[in-house]
Every structure is written in structure tokens, then in C-alpha cells.
$ cat data21.txt   # compact mmCIF, C-alpha atoms
# COMPACT_ATOMS: atom_id res chain seq x y z
CA MET O 470 18.10 -67.62 -47.53
CA ILE O 471 20.98 -65.30 -48.41
CA THR O 472 23.93 -67.15 -49.94
CA ASN O 473 26.19 -64.27 -50.97
CA LEU O 474 26.57 -60.61 -50.05
CA THR O 475 28.76 -58.12 -51.90
CA ILE O 476 29.30 -54.57 -50.63
CA SER O 477 31.04 -51.88 -52.67
CA ASN O 478 32.07 -48.36 -51.62
CA PHE O 479 30.52 -48.33 -48.17
CA LYS O 480 32.66 -47.10 -45.27
CA LEU O 481 35.70 -49.42 -44.99
CA HIS O 482 34.38 -51.70 -47.72
CA ASP O 483 35.86 -50.82 -51.09
CA TYR O 484 34.80 -54.24 -52.38
CA THR O 485 33.89 -57.04 -49.97
CA ASP O 486 32.44 -60.34 -51.16
CA LEU O 487 31.04 -62.64 -48.46
CA ASP O 488 29.90 -66.25 -48.64
CA ILE O 489 26.83 -66.28 -46.39
CA LYS O 490 25.80 -69.61 -44.88
CA GLY O 491 23.11 -70.80 -42.51
CA LEU O 492 25.37 -69.61 -39.71
CA THR O 493 27.67 -66.72 -40.55
CA ILE O 494 29.98 -65.32 -37.86
CA LEU O 495 31.74 -61.97 -38.22
CA THR O 496 34.67 -61.34 -35.90
CA GLY O 497 37.85 -59.30 -35.67
CA MET O 498 39.19 -56.30 -33.77
CA ASN O 499 37.10 -53.18 -33.33
CA GLY O 500 36.69 -50.79 -36.24
CA MET O 501 37.31 -53.36 -38.97
CA GLY O 502 33.96 -53.17 -40.79
CA LYS O 503 31.94 -55.97 -39.17
CA SER O 504 29.03 -53.76 -38.14
CA THR O 505 28.94 -52.20 -41.60
CA VAL O 506 28.16 -55.60 -43.11
CA ILE O 507 25.10 -55.80 -40.87
CA GLN O 508 24.23 -52.18 -41.60
CA SER O 509 24.07 -52.88 -45.32
CA LEU O 510 21.21 -55.33 -44.71
CA LEU O 511 19.48 -53.16 -42.12
CA LEU O 512 19.49 -50.10 -44.39
CA LEU O 513 17.83 -52.05 -47.19
CA ARG O 514 15.16 -53.43 -44.86
CA GLN O 515 14.66 -50.03 -43.26
CA SER O 516 14.19 -48.29 -46.59
CA PHE O 517 11.69 -50.95 -47.67
CA MET O 518 9.71 -50.81 -44.42
CA MET O 519 9.58 -46.99 -44.59
CA ASN O 520 8.39 -47.11 -48.22
CA ASP O 521 11.50 -45.19 -49.29
CA LEU O 522 13.26 -47.83 -51.38
CA GLU O 523 11.77 -46.45 -54.58
CA ALA O 524 13.44 -43.12 -53.81
CA GLY O 525 16.66 -44.57 -52.46
CA LEU O 526 18.49 -45.75 -49.35
CA ASN O 527 17.21 -44.06 -46.19
CA LEU O 528 20.10 -43.64 -43.78
CA LYS O 529 17.99 -42.61 -40.78
CA GLY O 530 15.21 -44.72 -39.35
CA ASP O 531 14.12 -47.04 -36.57
CA LEU O 532 16.47 -49.90 -37.49
CA CYS O 533 19.63 -47.98 -38.26
CA ASP O 534 21.11 -44.48 -38.20
CA ALA O 535 24.11 -44.44 -40.52
CA GLY O 536 24.63 -40.68 -40.34
CA THR O 537 24.95 -38.54 -43.44
CA SER O 538 26.00 -39.37 -46.99
CA GLY O 539 29.36 -37.63 -46.62
CA GLU O 540 30.42 -40.15 -43.96
CA LEU O 541 29.74 -43.30 -45.94
CA ALA O 542 31.83 -43.46 -49.12
CA CYS O 543 34.98 -45.58 -48.92
CA GLN O 544 38.00 -43.27 -49.04
CA ALA O 545 39.88 -45.68 -51.30
CA SER O 546 37.13 -45.87 -53.92
CA ASN O 547 36.95 -43.88 -57.15
CA GLU O 548 33.26 -44.68 -57.58
CA HIS O 549 30.35 -42.39 -56.75
CA THR O 550 27.84 -45.10 -55.97
CA LEU O 551 27.18 -47.53 -53.14
CA GLU O 552 26.34 -51.05 -54.32
CA ILE O 553 24.82 -53.97 -52.42
CA ASP O 554 24.39 -57.31 -54.23
CA MET O 555 22.73 -60.37 -52.75
CA LYS O 556 22.25 -63.93 -53.94
CA PHE O 557 19.66 -66.28 -52.50
CA ASN O 558 18.87 -69.96 -52.37
CA GLY O 559 15.71 -70.54 -54.42
CA GLN O 560 15.02 -66.85 -55.06
CA ASP O 561 16.19 -64.31 -57.63
CA ASP O 562 19.32 -62.26 -56.98
CA LEU O 563 18.89 -58.67 -55.81
CA ARG O 564 21.18 -55.82 -56.86
CA TYR O 565 20.96 -52.30 -55.49
CA VAL O 566 22.92 -49.25 -56.59
CA PHE O 567 22.61 -45.85 -54.90
CA ASN O 568 24.24 -42.55 -55.85
CA TYR O 569 26.21 -40.48 -53.40
CA PRO O 570 24.63 -36.99 -53.61
CA HIS O 571 26.58 -33.74 -53.90
CA ASP O 572 25.26 -32.55 -50.55
CA ILE O 573 27.32 -34.44 -47.97
CA LEU O 574 24.66 -33.80 -45.31
CA ASP O 575 21.92 -35.70 -47.14
CA THR O 576 20.41 -38.67 -45.33
CA LEU O 577 19.07 -40.43 -48.42
CA LEU O 578 21.12 -41.93 -51.24
CA PRO O 579 19.07 -41.77 -54.46
CA GLY O 580 18.48 -45.09 -56.18
CA VAL O 581 19.24 -45.76 -59.83
CA PRO O 582 16.93 -47.27 -62.48
CA GLY O 583 16.93 -51.05 -62.30
CA ASN O 584 16.78 -51.38 -58.52
CA ILE O 585 14.08 -53.86 -57.57
CA ILE O 586 11.44 -51.99 -55.58
CA ASP O 587 8.24 -53.98 -56.20
CA LYS O 588 6.68 -54.55 -52.77
CA SER O 589 4.79 -57.72 -53.63
CA ARG O 590 7.98 -59.26 -54.99
CA LEU O 591 10.26 -58.17 -52.17
CA SER O 592 7.80 -59.17 -49.44
CA LYS O 593 8.57 -62.81 -50.29
CA TYR O 594 12.15 -62.36 -49.03
CA SER O 595 12.76 -62.83 -45.29
CA LEU O 596 14.92 -59.71 -45.28
CA PHE O 597 11.82 -57.68 -46.07
CA ASN O 598 9.02 -59.51 -44.24
CA GLU O 599 8.07 -60.57 -40.71
CA ASN O 600 10.47 -63.55 -40.74
CA PHE O 601 13.30 -61.31 -39.58
CA GLN O 602 14.65 -60.23 -36.21
CA TYR O 603 17.50 -57.87 -35.35
CA LEU O 604 19.05 -58.00 -31.87
CA SER O 605 21.66 -55.30 -31.44
CA ALA O 606 24.57 -55.00 -29.04
CA PHE O 607 22.66 -52.43 -26.98
CA ARG O 608 19.48 -54.46 -26.50
CA PHE O 609 17.50 -53.89 -23.33
CA GLY O 610 18.72 -55.39 -20.10
CA PRO O 611 16.61 -55.59 -16.93
CA GLN O 612 13.92 -52.90 -16.78
CA LYS O 613 11.42 -51.93 -14.10
CA ILE O 614 8.59 -51.97 -16.65
CA TYR O 615 8.33 -53.27 -20.22
CA ASN O 616 6.02 -51.53 -22.68
CA ARG O 617 3.56 -53.15 -25.06
CA ASP O 618 3.08 -52.47 -28.78
CA THR O 619 0.26 -54.50 -30.32
CA SER O 620 0.93 -53.35 -33.88
CA LEU O 621 4.60 -54.31 -33.73
CA VAL O 622 4.23 -57.59 -31.85
CA VAL O 623 0.94 -58.94 -33.16
CA THR O 624 0.80 -57.53 -36.69
CA LYS O 625 4.51 -57.41 -37.59
CA LYS O 626 5.72 -60.12 -35.19
CA GLN O 627 8.83 -58.16 -34.19
CA ILE O 628 10.58 -57.98 -30.81
CA SER O 629 12.41 -54.74 -31.61
CA LYS O 630 11.39 -51.35 -32.92
CA ILE O 631 14.29 -48.99 -32.26
CA MET O 632 17.74 -50.13 -33.40
CA GLY O 633 17.42 -53.75 -32.31
CA GLN O 634 16.92 -52.96 -28.64
CA CYS O 635 14.48 -55.88 -28.15
CA GLU O 636 12.31 -53.57 -26.07
CA TYR O 637 9.19 -55.64 -26.86
CA ALA O 638 10.64 -59.12 -26.29
CA VAL O 639 8.71 -59.46 -23.01
CA HIS O 640 5.46 -58.43 -24.70
CA PHE O 641 6.21 -60.90 -27.51
CA LEU O 642 6.81 -63.73 -25.02
CA GLU O 643 3.62 -62.92 -23.13
CA GLN O 644 1.60 -62.64 -26.35
CA TYR O 645 2.73 -65.98 -27.76
CA LYS O 646 3.56 -67.87 -24.55
CA ASN O 647 1.02 -70.62 -25.18
CA LYS O 648 1.71 -71.00 -28.89
CA GLU O 649 3.81 -74.01 -29.85
CA ILE O 650 7.25 -73.32 -31.30
CA PRO O 651 7.25 -73.70 -35.11
CA ILE O 652 10.26 -76.03 -35.22
CA LYS O 653 9.75 -78.87 -32.74
CA GLU O 654 13.35 -80.06 -33.20
CA LEU O 655 14.47 -77.04 -31.15
CA ALA O 656 12.76 -78.26 -27.99
CA PHE O 657 15.27 -78.72 -25.18
CA GLU O 658 16.16 -82.35 -24.56
CA GLU O 659 14.67 -82.71 -21.08
CA ASN O 660 11.31 -81.52 -22.38
CA ARG O 661 11.36 -83.86 -25.36
CA LYS O 662 11.92 -86.82 -23.05
CA GLU O 663 9.20 -85.95 -20.56
CA ASN O 664 5.96 -84.27 -21.61
CA GLU O 665 6.63 -82.73 -25.01
CA ASP O 666 5.29 -79.32 -23.99
CA TYR O 667 6.21 -77.23 -27.04
CA ARG O 668 4.70 -73.94 -25.86
CA LEU O 669 6.99 -70.98 -26.38
CA LYS O 670 7.25 -69.94 -22.74
CA GLU O 671 8.04 -73.49 -21.62
CA GLN O 672 10.75 -73.81 -24.25
CA VAL O 673 12.31 -70.42 -23.49
CA GLU O 674 12.28 -71.30 -19.80
CA GLY O 675 13.84 -74.70 -20.46
CA TRP O 676 16.74 -73.31 -22.47
CA LEU O 677 17.16 -70.46 -19.98
CA ARG O 678 17.69 -73.06 -17.22
CA LEU O 679 20.78 -74.25 -19.07
CA ILE O 680 22.17 -70.74 -18.61
CA SER O 681 20.79 -70.12 -15.10
CA PRO O 682 19.78 -73.40 -13.39
CA ASN O 683 16.27 -73.87 -11.95
CA ILE O 684 14.94 -70.51 -13.17
CA LYS O 685 11.26 -69.84 -13.89
CA ILE O 686 9.82 -66.84 -15.77
CA PHE O 687 6.87 -64.77 -14.57
CA ILE O 688 5.30 -61.88 -16.47
CA GLU O 689 2.54 -59.79 -14.93
CA TYR O 690 0.52 -56.82 -16.12
CA VAL O 691 1.06 -53.46 -14.49
CA GLY O 692 -1.66 -51.32 -16.03
CA GLU O 693 -1.05 -51.51 -19.76
CA ASP O 694 2.59 -52.45 -19.31
CA LEU O 695 4.40 -55.60 -18.20
CA LYS O 696 6.73 -56.54 -15.37
CA LEU O 697 9.29 -59.32 -15.69
CA LYS O 698 10.08 -61.47 -12.67
CA TYR O 699 11.88 -64.73 -11.95
CA LYS O 700 11.65 -67.54 -9.41
CA PHE O 701 14.08 -70.38 -8.71
CA ASN O 702 13.31 -73.97 -7.78
CA ARG O 703 15.07 -75.31 -4.69
CA GLU O 704 16.16 -78.84 -3.86
CA GLU O 705 13.46 -79.31 -1.21
CA ASN O 706 10.73 -79.06 -3.89
CA THR O 707 10.10 -75.48 -2.84
CA ILE O 708 10.43 -72.31 -4.86
CA THR O 709 11.80 -68.87 -4.04
CA GLU O 710 9.69 -65.74 -3.90
CA GLU O 711 9.37 -63.72 -7.08
CA ILE O 712 12.44 -61.62 -7.83
CA SER O 713 12.25 -58.67 -10.20
CA ALA O 714 14.43 -58.65 -13.31
CA LEU O 715 16.28 -55.66 -11.86
CA ASN O 716 17.42 -57.80 -8.93
CA THR O 717 18.43 -60.82 -10.99
CA GLY O 718 21.62 -61.44 -12.95
CA PHE O 719 21.90 -59.00 -15.85
CA GLY O 720 22.81 -61.71 -18.37
CA ILE O 721 19.58 -63.64 -17.79
CA THR O 722 17.38 -60.86 -19.13
CA TYR O 723 19.98 -59.95 -21.76
CA VAL O 724 19.89 -63.42 -23.32
CA LEU O 725 16.11 -63.77 -23.04
CA PRO O 726 15.35 -62.01 -26.38
CA ILE O 727 17.78 -64.31 -28.20
CA LEU O 728 15.94 -67.39 -26.95
CA VAL O 729 12.59 -65.82 -27.82
CA ALA O 730 13.72 -64.87 -31.34
CA ILE O 731 15.18 -68.28 -32.16
CA LEU O 732 12.46 -70.45 -30.65
CA SER O 733 9.65 -68.44 -32.27
CA ALA O 734 11.27 -68.38 -35.72
CA GLN O 735 9.87 -70.06 -38.80
CA LYS O 736 12.03 -71.92 -41.29
CA ASP O 737 13.85 -69.52 -43.68
CA SER O 738 13.81 -66.72 -41.10
CA ILE O 739 16.82 -64.41 -40.79
CA ILE O 740 18.06 -63.50 -37.31
CA ILE O 741 20.91 -61.01 -36.84
CA ILE O 742 22.53 -61.02 -33.39
CA GLU O 743 25.26 -58.68 -32.20
CA ASN O 744 27.41 -59.89 -29.29
CA PRO O 745 25.27 -62.82 -28.15
CA GLU O 746 27.95 -63.51 -25.54
CA ALA O 747 27.34 -60.31 -23.55
CA HIS O 748 27.04 -60.93 -19.79
CA ILE O 749 26.83 -64.72 -20.23
CA HIS O 750 29.12 -67.28 -18.57
CA PRO O 751 31.18 -69.39 -21.03
CA LYS O 752 29.08 -72.48 -20.28
CA GLY O 753 25.96 -70.47 -21.06
CA GLN O 754 27.52 -69.30 -24.32
CA ALA O 755 28.18 -72.93 -25.25
CA GLU O 756 24.54 -73.87 -24.60
CA LEU O 757 23.34 -70.86 -26.58
CA MET O 758 25.48 -71.87 -29.56
CA LYS O 759 24.05 -75.37 -29.37
CA LEU O 760 20.55 -73.94 -29.77
CA ILE O 761 21.65 -71.60 -32.56
CA SER O 762 23.33 -74.48 -34.39
CA MET O 763 20.21 -76.60 -34.07
CA ALA O 764 18.17 -73.71 -35.48
CA VAL O 765 20.55 -73.41 -38.43
CA ALA O 766 20.31 -77.16 -39.09
CA ASN O 767 16.54 -76.72 -39.29
CA GLY O 768 16.52 -73.91 -41.82
CA ILE O 769 16.89 -70.68 -39.82
CA GLN O 770 19.62 -68.30 -41.01
CA VAL O 771 21.65 -66.63 -38.26
CA ILE O 772 24.24 -63.88 -38.71
CA ILE O 773 26.36 -63.13 -35.64
CA GLU O 774 28.87 -60.42 -34.82
CA THR O 775 31.04 -61.47 -31.88
CA HIS O 776 34.25 -60.93 -29.95
CA SER O 777 33.97 -64.19 -28.01
CA ASP O 778 36.13 -67.25 -28.57
CA HIS O 779 33.41 -69.28 -26.82
CA ILE O 780 30.89 -68.34 -29.51
CA ILE O 781 33.40 -69.26 -32.22
CA ASN O 782 34.29 -72.51 -30.47
CA GLY O 783 30.60 -73.29 -29.98
CA SER O 784 30.06 -73.21 -33.73
CA LEU O 785 33.09 -75.46 -34.28
CA VAL O 786 31.89 -77.91 -31.62
CA ALA O 787 28.55 -78.02 -33.46
CA VAL O 788 30.42 -79.10 -36.59
CA ASN O 789 32.47 -81.65 -34.65
CA LYS O 790 29.35 -83.18 -33.07
CA GLY O 791 27.43 -83.22 -36.34
CA LEU O 792 24.78 -80.67 -35.38
CA ILE O 793 25.72 -78.78 -38.54
CA ILE O 794 28.06 -79.60 -41.42
CA PRO O 795 30.98 -77.30 -42.36
CA GLU O 796 29.06 -76.16 -45.44
CA MET O 797 26.50 -74.54 -43.12
CA LEU O 798 29.10 -72.36 -41.40
CA SER O 799 31.02 -69.28 -42.53
CA ILE O 800 33.44 -67.54 -40.17
CA TYR O 801 34.98 -64.27 -41.30
CA PHE O 802 37.88 -62.58 -39.53
CA PHE O 803 38.05 -58.89 -40.43
CA ASP O 804 41.32 -57.04 -40.64
CA ARG O 805 42.26 -53.69 -42.16
CA ASP O 806 44.68 -52.56 -44.85
CA GLU O 807 46.31 -49.63 -43.07
CA HIS O 808 47.65 -48.19 -46.33
CA THR O 809 44.28 -47.87 -48.05
CA HIS O 810 42.19 -47.95 -44.84
CA THR O 811 39.92 -50.64 -46.24
CA ALA O 812 38.45 -53.81 -44.77
CA ILE O 813 40.00 -57.20 -45.44
CA SER O 814 37.75 -60.23 -44.87
CA HIS O 815 39.47 -63.55 -44.20
CA HIS O 816 37.17 -66.51 -44.84
CA LEU O 817 38.31 -69.25 -42.49
CA ASP O 818 38.76 -72.80 -43.77
CA ILE O 819 36.87 -75.24 -41.52
CA SER O 820 37.55 -78.97 -41.57
CA GLN O 821 34.96 -81.74 -41.29
CA SER O 822 35.94 -82.17 -37.64
CA GLY O 823 35.50 -78.49 -36.81
CA HIS O 824 39.14 -77.38 -36.90
CA ILE O 825 40.19 -74.07 -38.42
CA ARG O 826 42.94 -74.62 -40.92
CA ARG O 827 45.63 -71.93 -41.12
CA PRO O 828 43.96 -69.23 -38.97
CA PRO O 829 45.12 -65.69 -39.82
CA GLN O 830 47.45 -63.80 -37.53
CA GLY O 831 45.57 -62.13 -34.69
CA PHE O 832 42.67 -64.59 -34.73
CA PHE O 833 41.86 -65.19 -31.04
CA ASP O 834 45.50 -65.77 -30.14
CA GLN O 835 45.52 -63.55 -27.05
CA ILE O 836 44.99 -66.51 -24.70
CA ASP O 837 48.13 -68.16 -26.13
CA ILE O 838 50.08 -64.91 -25.73
CA ASP O 839 48.90 -64.54 -22.12
CA LEU O 840 49.68 -68.16 -21.24
CA LYS O 841 53.19 -67.81 -22.60
CA THR O 842 53.66 -64.78 -20.38
CA ILE O 843 52.18 -66.46 -17.31
CA MET O 844 54.12 -69.70 -17.82
CA GLY O 845 57.34 -67.88 -18.65
CA PHE O 846 57.74 -69.41 -22.12
$ encode --input "data21.txt" --output "C-alpha cells"
Amino acid sequence: MITNLTISNFKLHDYTDLDIKGLTILTGMNGMGKSTVIQSLLLLRQSFMMNDLEAGLNLKGDLCDAGTSGELACQASNEHTLEIDMKFNGQDDLRYVFNYPHDILDTLLPGVPGNIIDKSRLSKYSLFNENFQYLSAFRFGPQKIYNRDTSLVVTKKQISKIMGQCEYAVHFLEQYKNKEIPIKELAFEENRKENEDYRLKEQVEGWLRLISPNIKIFIEYVGEDLKLKYKFNREENTITEEISALNTGFGITYVLPILVAILSAQKDSIIIIENPEAHIHPKGQAELMKLISMAVANGIQVIIETHSDHIINGSLVAVNKGLIIPEMLSIYFFDRDEHTHTAISHHLDISQSGHIRRPPQGFFDQIDIDLKTIMGF
């Protein structure tokens, strides 16, 4: 599990030192460097998976396209290298230094001697093995047909191939639908009380009902591909006809990969989720954060980028209710120094009861501003 991440001379980050917990939430206005934090991890994984880490940091690949070398150096820095340092719980620290080349159009930053590149050693870290999932902000919504990829899903146990789009989440769910979830404590409460059916599909369906009541998932083969459909239970003990994902609420299919990733995860897995709140009602966001908090309490590491106060509040409610302790949660509010054009990361102080002490200016205060206007204060 990552416990600390330091980024130097990368886009807005002249020097940013982050305390990474079981649940780490990155928030702030647009263009403040949140996505770059995630990119730093994705670029390392990408370079390792493409067998390029020995040569350097590959800026273009399936996970991430960071552009060219000339776009990446922090304008306030006097250094000519990009540095990423990580500390871990129970594993050796990792330090990576890459040179910025003279050609600003290069898409690989050469590594320096001393970078750890041994595959057998790195494969023990979740960042570099199958215990990792990335769900980006532009993950797939409802599709007419979902493709299959046996190598990716069965061999590598991934739900995404291209830039965290989760394009194989349906295949993953179909492949492992009858396999029990690794962490039984994540079973939804109704299931635990009744028949203790821990199969992945049953658990995904159960948690999905907390976001869209009475829903049932159906996946059928169409040639070599898959079609996603839903049904809904009715009060008269009847069920609706099958409805295609295209004709069902967008948020249902959009949240599906998150549930699949969390419920299928092993302990010590790393899951990165961008905008988990997208297209989900506030109550659904609260239920989703309950599941995420339970996962964190049971050893899964989750890193979230969000613009939702409901996601933030969900993590604080989890602290208040004792699902996680404050030491398991890091919330960072990103701002920008407009003189140097560099990122400023504010680490929020969270009390034992889940209150944020002394929040920085601009931290989710728009609702207060709007209420003052509406109420005429």
C-alpha cells in the first residue's frame, strides 16, 4: 500500500508531497493539478507494463497519453529532471528520476541509473501487478454491444485497456459472475442476513439496488460479444421485461464498473477512480462511499478525484460512523499559486468525529454562497 507520494517538476507540481492513506481524495477547482497526481502513477505503471521502464518513462500508451516532453516540465522549476518518489507499508521505497530530453517532441523521458527496474521485484507491488484498476472520468456508459478480451480479463484481470474506459467491465462481470467476492465483509447487508450468496454478480446487483431500487442485471452473448440488459422487480412479485442498457438510466451503467472493481478486489489492491459521482443521485453517491469505505477498512487502497461534496461528505460520514478511522483518510484540496503557476496541496485536518477543521477558502463553500443569495443574507 502506498503511504507517501512526492512529485517534482511535473506540470504544475514543482514539489508536491502527499500523505497517501487507504482512502485518498483529491479535490479542488479545475486545472489545479489533481489529474497530474494520478498521471504520475499511471505513467509508471504504463512504462512497466510496456517493458519500457528500463529505458525511461513512456508518455504514450494504453493507460495514459501525457503528450510530449516539452509540455511536462514545471515552468517554475530550475531542474531538468522529473522525479517521482513513493513510500509503502511493508515494502521498500521506490524512487524514479527521468531526464527531460533536448527534443521537446520526445515521448519518452530517459531514466537515470539507480531507478528500480527489476520486473520480479516490481511485480510484487500492486501498482505494477494485476491488483490494480483504473477507472477514468470518460469510462464507458451504456453501449449497444460490449466487446470481450480474454487476455485482458482472464490473464491480467483488468476491466480497462484504453485510458481507464472500463470497456471490458461487462466481460469481467460475466467471466467471474459465479466466483465469490474475495472480501466477504463487503457483502451488502440484506444478503448477509438472508442467504449469504457471495457470488460477484449477486453482490454487484445487491449494491446496485441501493442506487437504483429493484434492479436486476442480465448479460447475454451476441456472437462473440456481450449485451447488457436490466430488469426491475415490481411490488406484485412480477418483473419487467428486459430493458437494454441504452434505454436505462445512464448512471446505472456508469457506476457498474466501480462496483465490479471494488467487489472483485483482493486485499492490498489499488483502485483509482475519477469522478465516481458522475450521473449518480446524491443518495446513490452516499451508498457508493459506504461501500468504498468498507473496502478501505478491509485493506483495499482507493484514490479518488472528485468535484462532489457528497463524495467528500460520504467519507466524513464513514469516519463519524466508525467505518474507517481518520488515519485511513486523506483529503487534499488543490489550489494554485498564480504568481509561480504551481500547485498548492492543502491537506485537510479531520477530527475523530469526521469534521474538517479549518477548511481552506474555496473548499465546497458554493452552497453557502448560494444560500446567502437566495435567503437575502
$ atom_distance --input "data21.txt" --atom1 "atom CA of Lys630 of chain O" --atom2 "atom CA of Leu511 of chain O"
12.4 Å
$ closest_atom_pairs --input "data21.txt" --of "segment 662-710 of chain O" --to "segment 724-733 of chain O" --cutoff "8 Å" --atoms "all atoms listed in the file" --output "Markdown table"
| residue | atom | partner | partner_atom | distance |
| --- | --- | --- | --- | --- |
| O:Leu669 | CA | O:Ser733 | CA | 6.9 |
| O:Gln672 | CA | O:Leu732 | CA | 7.4 |
| O:Val673 | CA | O:Leu728 | CA | 5.9 |
| O:Trp676 | CA | O:Leu728 | CA | 7.5 |
| O:Leu677 | CA | O:Leu725 | CA | 7.4 |
$ residues_around --input "data21.txt" --residues "Tyr801 of chain O" --least-positions-apart "2" --cutoff "7 Å" --atoms "all atoms listed in the file" --output "list of chain:residue names"
O:Ile494, O:Leu495, O:Thr496, O:Ser799, O:Phe803, O:Ser814, O:His815, O:His816, O:Leu817
$ closest_residue --input "data21.txt" --among "O:Gln544, O:Gln515, O:Gln754, O:Ser784" --to "Ser822 of chain O" --atoms "all atoms listed in the file"
O:Ser784
$ atom_distance --input "data21.txt" --atom1 "atom CA of Lys588 of chain O" --atom2 "atom CA of Tyr603 of chain O"
20.8 Å
$ residues_around --input "data21.txt" --residues "Ile507 of chain O" --least-positions-apart "2" --cutoff "12 Å" --atoms "all atoms listed in the file" --output "PyMOL selection string"
chain O and resi 474-476+479+487+489+493-495+502-505+509-514+532-533+535+553+596+603-606+632-633+739-743+771-774
$ residues_around --input "data21.txt" --residues "Ile819 of chain O" --least-positions-apart "2" --cutoff "12 Å" --atoms "only C-alpha atoms" --output "number ranges by chain"
O: 781-782, 784-789, 794-801, 816-817, 821-828
$ residues_around --input "data21.txt" --residues "Glu643 of chain O" --least-positions-apart "4" --cutoff "12 Å" --atoms "all atoms listed in the file" --output "ChimeraX atom specification"
/O:615-619,622-623,628,637-639,647-648,668-671,673,686-690,694-697,729
$ closest_residue --input "data21.txt" --among "O:Met470, O:Met844, O:Met519, O:Ile680" --to "Val765 of chain O" --atoms "only C-alpha atoms"
O:Met470
$ closest_residue --input "data21.txt" --among "O:Tyr667, O:Ala812, O:Leu577, O:Lys625" --to "Ser477 of chain O" --atoms "only C-alpha atoms"
O:Ala812
$ closest_residue --input "data21.txt" --among "O:Gln770, O:Ser538, O:Asn547, O:Gln612" --to "Ile573 of chain O" --atoms "only C-alpha atoms"
O:Ser538
$ residues_around --input "data21.txt" --residues "Asn473 of chain O" --least-positions-apart "5" --cutoff "10 Å" --atoms "only C-alpha atoms" --output "ChimeraX atom specification"
/O:486-490,554-558,562
$ atom_distance --input "data21.txt" --atom1 "atom CA of Met498 of chain O" --atom2 "atom CA of Lys790 of chain O"
28.6 Å
$ decode --input "data21.txt" --residues "segment 578-625 of chain O" --atoms "C-alpha atoms" --output "PDB file, in the first residue's frame"
ATOM      1  CA  LEU O 578      11.865  10.627 -20.727  1.00  0.00           C
ATOM      2  CA  PRO O 579      15.141   8.695 -20.308  1.00  0.00           C
ATOM      3  CA  GLY O 580      15.686   7.123 -16.909  1.00  0.00           C
ATOM      4  CA  VAL O 581      18.797   7.622 -14.806  1.00  0.00           C
ATOM      5  CA  PRO O 582      21.000   4.947 -13.188  1.00  0.00           C
ATOM      6  CA  GLY O 583      19.553   3.800  -9.886  1.00  0.00           C
ATOM      7  CA  ASN O 584      15.913   3.584 -10.970  1.00  0.00           C
ATOM      8  CA  ILE O 585      14.457   0.264  -9.858  1.00  0.00           C
ATOM      9  CA  ILE O 586      13.501  -1.672 -12.979  1.00  0.00           C
ATOM     10  CA  ASP O 587      13.729  -5.327 -11.898  1.00  0.00           C
ATOM     11  CA  LYS O 588      10.487  -6.963 -13.047  1.00  0.00           C
ATOM     12  CA  SER O 589      10.405  -9.732 -10.465  1.00  0.00           C
ATOM     13  CA  ARG O 590      10.838  -7.162  -7.696  1.00  0.00           C
ATOM     14  CA  LEU O 591       8.330  -4.648  -9.017  1.00  0.00           C
ATOM     15  CA  SER O 592       5.695  -7.275  -9.786  1.00  0.00           C
ATOM     16  CA  LYS O 593       5.174  -7.643  -6.024  1.00  0.00           C
ATOM     17  CA  TYR O 594       3.790  -4.083  -5.854  1.00  0.00           C
ATOM     18  CA  SER O 595       0.070  -3.629  -6.582  1.00  0.00           C
ATOM     19  CA  LEU O 596       0.895  -0.620  -8.750  1.00  0.00           C
ATOM     20  CA  PHE O 597       2.634  -2.974 -11.164  1.00  0.00           C
ATOM     21  CA  ASN O 598       0.592  -6.185 -10.983  1.00  0.00           C
ATOM     22  CA  GLU O 599      -2.979  -7.382 -11.551  1.00  0.00           C
ATOM     23  CA  ASN O 600      -4.202  -5.996  -8.201  1.00  0.00           C
ATOM     24  CA  PHE O 601      -4.810  -2.614  -9.805  1.00  0.00           C
ATOM     25  CA  GLN O 602      -7.740  -0.979 -11.573  1.00  0.00           C
ATOM     26  CA  TYR O 603      -8.035   2.452 -13.167  1.00  0.00           C
ATOM     27  CA  LEU O 604     -11.485   3.911 -13.835  1.00  0.00           C
ATOM     28  CA  SER O 605     -11.236   7.213 -15.653  1.00  0.00           C
ATOM     29  CA  ALA O 606     -13.678  10.094 -15.943  1.00  0.00           C
ATOM     30  CA  PHE O 607     -14.538   9.063 -19.501  1.00  0.00           C
ATOM     31  CA  ARG O 608     -15.360   5.426 -18.768  1.00  0.00           C
ATOM     32  CA  PHE O 609     -17.928   3.731 -20.963  1.00  0.00           C
ATOM     33  CA  GLY O 610     -21.578   4.453 -20.415  1.00  0.00           C
ATOM     34  CA  PRO O 611     -24.395   2.409 -21.962  1.00  0.00           C
ATOM     35  CA  GLN O 612     -23.360   0.650 -25.177  1.00  0.00           C
ATOM     36  CA  LYS O 613     -25.283  -1.419 -27.700  1.00  0.00           C
ATOM     37  CA  ILE O 614     -22.621  -4.144 -27.569  1.00  0.00           C
ATOM     38  CA  TYR O 615     -19.695  -4.808 -25.223  1.00  0.00           C
ATOM     39  CA  ASN O 616     -16.573  -6.494 -26.559  1.00  0.00           C
ATOM     40  CA  ARG O 617     -14.651  -9.352 -24.980  1.00  0.00           C
ATOM     41  CA  ASP O 618     -10.889  -9.626 -24.406  1.00  0.00           C
ATOM     42  CA  THR O 619      -9.847 -12.933 -22.851  1.00  0.00           C
ATOM     43  CA  SER O 620      -6.200 -11.967 -22.429  1.00  0.00           C
ATOM     44  CA  LEU O 621      -7.030  -8.757 -20.587  1.00  0.00           C
ATOM     45  CA  VAL O 622      -9.869 -10.087 -18.432  1.00  0.00           C
ATOM     46  CA  VAL O 623      -8.762 -13.645 -17.704  1.00  0.00           C
ATOM     47  CA  THR O 624      -4.975 -13.368 -17.750  1.00  0.00           C
ATOM     48  CA  LYS O 625      -4.467  -9.807 -16.487  1.00  0.00           C
TER      49      LYS O 625
END
